[in-house]
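Just below is one structure, and these are the notes that go with it.
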Amino acid sequence: MKTRIFEKFTVVFAWLAGLVLLAGVCLLLGYLFFKGHASLNLSLIFGDTPPLRALLLKQRVFEGLFPAVAGTFVLVVLSIAWAIPFGIATGIYLAEYAGPRVKRALDALFDVLSGMPSIVIGLFGFSFAVFLHKHYSDRIGPCLLISSIALSFLVLPYIIRTTQAALEGVPLNIRLTALALGATRLQNIFLVLIPRSVSGIMSGIILAIGRCAEDTAVIMLTGAVASAGLPRSLFSQYEALPFFIYYISSQYADSEELMQGYGASIVLLFLCALLFVTAYGIRKGLSHFVFYRP
Amino acid sequence: MTEAIKIKVADLSFSYRDRPILKNVNVDFAENSITALTGPSGVGKSTFLMTLNRLWENLPDADMTGTVEIRLQGRFRNVYAPSMSVTELRKMVAMVFQAPNPLPMSIRKNIAFPLKLAGEGNREFMAHKVEHALRMANLWDEVKDRLNDDARTLSGGQQQRLCIARALVLEPEVLLLDEPTSSLDQTSIAVIEELLLGLKDRLTILLVSHYLEQVSRISDTIVRFDDNTIIS
Amino acid sequence: MKKYGELVAERSFLLSALASSSITVAILAFMVFMGLPLMKQAGFYQLLVKPWAPYQGTFGIYPMIVGTGCISLLSLVVAFPLSLGCSFLIATIAPKPVSKGLRRLIELMTGIPTVIYGFVGIFLLVPYIRELFRSGSGLCVLTAALVLGIMITPTMTLFFCDSFDRIPRSYLTAAEALGASRTQKLLYVILPCAKMGMLNGVILALGRAVGDTLVALMLAGNSVRVPGSVLEPARTLTAHIALVIAADYESPEFRSIFACGIVLYLFTMMVTFLVRYLSFAEGRRD
């Protein structure tokens, strides 16, 4: 009989846990939308400036999220631009060329990197900037370039892992087909293996994009500031959406600014949700496309 | 001399992912006998066994029509009636699989597992039942000194007898075996066949088998499957 | 000509692999380099056990270590039962559509940015805690641990679910054929087999909790004293780095953040190698 009671208890416990989690998420999202939905209009992003003029960079936007959104956008593009070539190349090396001992060693190093707290990576970026400042040029400090490089370190493990896993997942018979017909190793990689692994690699990239867009700790230490306008150059400081949210939460002067904070949260949430769904869709859709090409 | 009917199957059809596997199967099985189910590969014999203990219900995209009635505890019961609990059914209709599947536990715990599921707590009672089941499966003498060893350390033939013992510990009325000896060597096969013959007067046994010799050696009745239905 | 191209490509793959892996080492190297003056002056071990009192000349990070420890362990206490229960639901207890939906929802939750957890925490949870316990400002260990716990639950749950999925089908079929109910299958077959995998999940979640910056920064109060109870504010190693970064480059306060960084780095290495070892040992056992 005791076991029966224990089994029933387990069922109750499980449902309770599910409900608590559900309640937590609903509370979080509901509160955000409840408080912030009023702020969702074009003036949230563009302030008093007409949107078209702002987009064409003819007029500066004050009081709007546009600089922060633009900053995040440029940041993500740059970070991914650094991370993709190194990430994919390393993934290829690990999957196709590395011997077992080298693989294990590199694997361990990347495991450590992937578990690294983002603030430590930000600290590294900051130290690197200080180092360049002292020994190289006085003009270099925390800036867009340093931030994007540091962010690329953050997401490098994602891209490496997904590339490696996608390549290693190609079945043996497909792997050997081109080789048996006389293709070189490199030809096999670029003409057969990579095209088969595209959906895996893509979803890794989208994941990395999401990570870059949402991260705050790294950019806090390497160049994000509360107001800097649109990013002017690689060596300038810049604004970013997640940093804006953090900054507003402790420094909001009036209810209007607070509303902006809510609005920014919703925008960021929406952005991340979009990226997530896209990654999922790509994984499902692209594999369908790749396999059923006539 | 006709034995009483134990299992009645009427108009059974089964499809998986819209592909028909069984079509209009009608057959009765006699009590206390060994019935062999034979036929070419892929014709639905294993599936048929699963309809008797409702094990297919864990598969998505599977669909079944028809009735299965089994005489359990004296009365004919519709196996698919809402009032029939699946877990209770499987305690009375036991199944042994083609590849032995011991659970990752000691031999003792493997055999005692169904008792634990039934809520049994008395250690002495369980030990007695374990010994009884192992004797019925002709395995007791070989393992009585190492009941605490991991069940996976046994040989293939021993593992299969372990699974049979485990299936017998709750004293089911029907025993379903899906090609139980196809992964075993000659001596193990002989041992298990003898074991089944010995169990015949206590249970009703259904045996799927590819080996015509085995079938003729031990079975009382043969049911042939072909074209997804029964032809003899 | 083709051979040469092959060689170049192979070399460049190798180079990028070496460059990427050297980042891990470079991070440690830079932090040691930058923190060296303070560590030489105060001794690394001393730094770890001394309190933070700049006016008295001690720059120990002990309060931050305690802060990190309390908040992350408490968040595990919150997250573990939730993750366990949800993984039970997804694995067997809930009917198929509920199980699938819950899993999708949890996967989606992993994409919610940490800054948003912190933001909602400040305006929703902090006043509530303040009212409920009537002590302090609401910015304390408890608040941070609660939010952090909810944040790491999705990852832990998915990890548990993956451990459950890896169990050989034959065990499950055996249990089903013997008449085990869904709960019995879970408790007597799935859980005992998945124990090791689940331990890995807990350790990894702990690593994530320790490494989080924003939740602790926004919700834990950031005081430099060792917290006496869960209702008192505390500062974590991660928050300390974020706060002190604005200080003067050459000052010892500034260099203390590198000591924090080194502690965090070593902890990450420990967690990573522990998980790798456990997975390896488990793989060997089967």
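By order of appearance in the structure tokens: chains A, B, ..., then residues from 1 within every chain, and ligands from 1 in the order shown.
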
Determine, using only C-alpha atoms, which residues of chain B have any atom at most 12 Å from an atom of chain A, and tabulate each with its shortest atom pair and distance in Å to one decimal place, rows ordered by chain and then rising number, as CSV.
residue,atom,partner,partner_atom,distance
B:Leu115,CA,A:Thr3,CA,11.7
B:Lys116,CA,A:Thr3,CA,8.6
B:Leu117,CA,A:Thr3,CA,8.8
B:Ala118,CA,A:Arg4,CA,9.2
B:Gly119,CA,A:Met1,CA,6.3
B:Glu120,CA,A:Met1,CA,8.2
B:Gly121,CA,A:Met1,CA,8.3
B:Asn122,CA,A:Met1,CA,11.3

Could the residues in this selection be written to a file with N, CA and C atoms, as a tab-separated table (two decimals), in the first residue's frame?
chain	number	residue	atom	x	y	z
B	115	LEU	N	5.94	-8.53	-8.98
B	115	LEU	CA	5.35	-8.53	-7.65
B	115	LEU	C	5.36	-7.11	-7.09
B	116	LYS	N	6.47	-6.42	-7.35
B	116	LYS	CA	6.59	-5.05	-6.86
B	116	LYS	C	5.52	-4.17	-7.52
B	117	LEU	N	5.31	-4.39	-8.83
B	117	LEU	CA	4.30	-3.62	-9.52
B	117	LEU	C	2.93	-3.86	-8.93
B	118	ALA	N	2.70	-5.11	-8.47
B	118	ALA	CA	1.38	-5.43	-7.93
B	118	ALA	C	1.23	-4.96	-6.50
B	119	GLY	N	2.28	-4.33	-5.96
B	119	GLY	CA	2.16	-3.76	-4.63
B	119	GLY	C	2.54	-4.72	-3.52
B	120	GLU	N	3.16	-5.84	-3.90
B	120	GLU	CA	3.52	-6.84	-2.89
B	120	GLU	C	4.70	-6.35	-2.06
B	121	GLY	N	4.61	-6.49	-0.75
B	121	GLY	CA	5.69	-5.98	0.08
B	121	GLY	C	6.38	-7.02	0.94
B	122	ASN	N	5.73	-8.13	1.15
B	122	ASN	CA	6.25	-9.15	2.06
B	122	ASN	C	7.47	-9.84	1.49

For segment 213-227 of chain B, work out the shell of residues within 12 Å, counting only C-alpha atoms and skipping chain neighbours fewer than 2 positions away, then give it as a PyMOL selection string. chain B and resi 2-3+20-48+179-182+186+189-190+192-200+204-211+229-232

Looking at only C-alpha atoms, which of A:Pro67, A:Gly261, A:Gly91, A:Gly204 is the one that sits closest to Tyr246 of chain A?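 Closest candidate: A:Gly261.
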
Counting only C-alpha atoms, collect the residues of chain B whose closest atom lies at most 7 Å from chain C, and write them out as a count of residues only. 12

Long-range neighbours of Gly201 of chain C as a list in words, 7 Å cut-off, only C-alpha atoms, 2 positions minimum in chain: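 Result of the neighbour search: Met156, Phe159, Phe160, Gly197, Met198, Leu199, Ile203, Leu204 and Ala205 of chain C.
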
Chain A residues within 6 Å of chain C, counting only C-alpha atoms: which ones, as JSON, numbers by chain? {"A": [14, 17, 18, 86, 89, 90, 93, 109, 112, 113, 117, 120, 124, 214]}

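Non-sequential neighbours of Phe235 of chain A (distance at most 12 Å, separation of 3 or more positions within a chain, only C-alpha atoms) are Ala129, His133, Ser137, Asp138, Arg139, Ile140, Gly141, Pro142, Cys143, Leu144, Leu145, Ile146, Ser147, Ser148, Thr222, Gly223, Ala224, Pro231, Arg232 and Tyr238 of chain A.
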
For segment 155-157 of chain B, find every residue with an atom within 8 Å (counting only C-alpha atoms), except residues of its own chain fewer than 6 positions away, and show them as a ChimeraX atom specification. /B:100,183-185,188-189

Distance atom CA of Glu7 of chain A-atom CA of Leu158 of chain C, one decimal place?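 Taking atom CA of Glu7 of chain A and atom CA of Leu158 of chain C, their separation equals 22.8 Å.
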